[in-house]
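Written below as structure tokens is the structure these notes are about.
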Amino acid sequence: MQLPHSIQNCINSFAKLPTVGRKTAERFVLYLLKQDQADLDEFAETVKNLKEGIKKCGICGLLNENDPCAICKDIKRDQSKICIVATTRDLIIIEDTGIYDGVYHVLGGVIDSIKGVTPSHLNIKTLLDKIKKNNIQEIIFALNPNFEGETTALYLQNILKEYTKIKITRLARGLPTGSAIEYADESTITNAMRGRK
């Protein structure tokens with residue numbers, strides 16, 4: 001069936017979101033069509049202003065409203081441990097478990113040759129600066145256990161091998177290979193963090 005252009009365009013836009021297929025995009029659009037215009041205007045304004053006031057923490061790379069972020073400023077956090085994650089979403093998932101008391105470093109992605117993402121695209125320089133300036137005792141790789149995550153971890157391990165006094169650990173395999181941190185429940189993340197090696 002041929003849909004009106006406005007509906008089809010909206011479906012196409014929603015379908016660009018991660019994990020949203022055509023059927024889900026259609027459901028979103030059909031739901032929105034039932035809403036009052038005022039609610040639609042408010043929704044559109046919220047999306048339009050999404051990036052306003054958002055900064056990237058100059059220390060860890062977290063997307064938030066402050067620079068430095070609250071985690072980096074928190075003197076109660078263990079500054080000798082750095083948990084390396086790919087995205088802000090991964091940081092949020094781990095932070096929500098309440099089990100980790102160190103600081104983070106957000107790479108802003110992972111090495112992915114198919115998508116053209118090379119190490120130069122990632123937030124690696126500030127990580128190395130942080131390691132040189134601070135008394136880091138442990139680095140935890142909390143990257144997805146898939147090909148891209150493994151490639152990124154191996155690349156970073158190779159760079160960090162000169163820091164022989166730093167303990168390098170990885171999340172335990174409580175996360176199934178090929179899965180993503182953002183879809184794991186808090187219990188799985190907690191067990192993976194506790195069982196890191």
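Order determines the names: the first chain of the structure tokens is A, the second B, and so forth; residues in each chain are numbered 1 upward, and ligands are numbered 1 upward as they are shown.
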(message) Can you pull out the residues contacting region 105-121 of chain A? Cut-off 7 Å, using only C-alpha atoms, and skip same-chain residues under 5 positions away; I want them as a ChimeraX atom specification.
(response) /A:60-62,82-88,127,148-149,151-152
With only C-alpha atoms counted and 8 Å as the cut-off, give the residues of region 150-181 of chain A in contact with region 134-142 of chain A, each with its shortest interatomic distance in Å and the pair that gives it, as CSV.
```
residue,atom,partner,partner_atom,distance
A:Ala153,CA,A:Phe141,CA,6.7
A:Lys165,CA,A:Gln137,CA,7.1
A:Ile166,CA,A:Gln137,CA,4.8
A:Lys167,CA,A:Glu138,CA,4.5
A:Ile168,CA,A:Ile139,CA,4.9
A:Thr169,CA,A:Ile140,CA,4.8
A:Arg170,CA,A:Phe141,CA,4.7
A:Leu171,CA,A:Ala142,CA,5.7
```
**Residues within 6 Å of region 65-80 of chain A, only C-alpha atoms, excluding chain neighbours under 2 positions, as a PyMOL selection string** = chain A and resi 53-55+57+101-103+135-137
May I have the residues from that selection written out with N, CA and C atoms, as an mmCIF file, in the first residue's frame?
```
data_model
loop_
_atom_site.group_PDB
_atom_site.id
_atom_site.type_symbol
_atom_site.label_atom_id
_atom_site.label_comp_id
_atom_site.auth_asym_id
_atom_site.auth_seq_id
_atom_site.Cartn_x
_atom_site.Cartn_y
_atom_site.Cartn_z
ATOM 1 N N GLY A 53 23.236 22.408 25.220
ATOM 2 C CA GLY A 53 23.801 22.283 26.566
ATOM 3 C C GLY A 53 24.562 20.990 26.805
ATOM 4 N N ILE A 54 24.668 20.127 25.798
ATOM 5 C CA ILE A 54 25.397 18.874 25.973
ATOM 6 C C ILE A 54 26.859 19.097 25.616
ATOM 7 N N LYS A 55 27.718 18.663 26.525
ATOM 8 C CA LYS A 55 29.159 18.807 26.328
ATOM 9 C C LYS A 55 29.802 17.430 26.448
ATOM 10 N N CYS A 57 32.837 15.603 28.293
ATOM 11 C CA CYS A 57 33.800 15.801 29.375
ATOM 12 C C CYS A 57 35.213 15.734 28.791
ATOM 13 N N ASP A 101 33.531 1.723 41.504
ATOM 14 C CA ASP A 101 33.799 2.984 42.208
ATOM 15 C C ASP A 101 34.952 3.781 41.599
ATOM 16 N N GLY A 102 35.471 3.332 40.451
ATOM 17 C CA GLY A 102 36.578 4.046 39.808
ATOM 18 C C GLY A 102 36.062 5.090 38.828
ATOM 19 N N VAL A 103 36.937 5.511 37.922
ATOM 20 C CA VAL A 103 36.565 6.482 36.897
ATOM 21 C C VAL A 103 36.477 5.767 35.546
ATOM 22 N N ASN A 135 48.427 8.214 38.794
ATOM 23 C CA ASN A 135 48.962 6.948 39.299
ATOM 24 C C ASN A 135 47.929 5.844 39.053
ATOM 25 N N ILE A 136 47.811 5.411 37.800
ATOM 26 C CA ILE A 136 46.819 4.407 37.428
ATOM 27 C C ILE A 136 47.351 3.021 37.775
ATOM 28 N N GLN A 137 46.537 2.246 38.502
ATOM 29 C CA GLN A 137 46.938 0.909 38.901
ATOM 30 C C GLN A 137 46.196 -0.186 38.134
#
```
Point to revise | Separation of CA of Glu42 (chain A) from CA of Leu30 (chain A), in Å and rounded to one decimal | key: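 Taking CA of Glu42 (chain A) and CA of Leu30 (chain A), their separation equals 17.3 Å.
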Problem - Residues near region 13-23 of chain A, cut-off 12 Å, only C-alpha atoms, skip fewer than 5 positions along chain, as a list in words - result: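 These residues fall inside the cut-off: Ser6, Ile7, Gln8, Phe28, Val29, Leu30, Leu32, Ala180, Glu182 and Tyr183 of chain A.
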Keeping C-alpha atoms, export the residues of the selection given above as an mmCIF file, in the first residue's frame.
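Output saved as selection.cif:
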```
data_model
loop_
_atom_site.group_PDB
_atom_site.id
_atom_site.type_symbol
_atom_site.label_atom_id
_atom_site.label_comp_id
_atom_site.auth_asym_id
_atom_site.auth_seq_id
_atom_site.Cartn_x
_atom_site.Cartn_y
_atom_site.Cartn_z
ATOM 1 C CA SER A 6 4.583 12.634 5.302
ATOM 2 C CA ILE A 7 3.899 9.258 6.929
ATOM 3 C CA GLN A 8 6.476 7.419 4.807
ATOM 4 C CA PHE A 28 5.670 4.644 16.239
ATOM 5 C CA VAL A 29 4.272 6.782 13.431
ATOM 6 C CA LEU A 30 0.731 5.411 13.714
ATOM 7 C CA LEU A 32 2.036 9.642 16.873
ATOM 8 C CA ALA A 180 26.027 -5.624 23.585
ATOM 9 C CA GLU A 182 23.408 -1.926 26.657
ATOM 10 C CA TYR A 183 21.127 -4.996 26.409
#
```
| Between CA of Ile59 (chain A) and CA of Thr126 (chain A), distance in Å (one decimal) |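 If I compute the distance from CA of Ile59 (chain A) to CA of Thr126 (chain A), I get 6.9 Å.
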* Nearest candidate to Ala184 (chain A) (options A:Tyr100, A:Ile93, A:Arg196, A:Glu162; using only C-alpha atoms) ->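 Closest candidate: A:Ile93.
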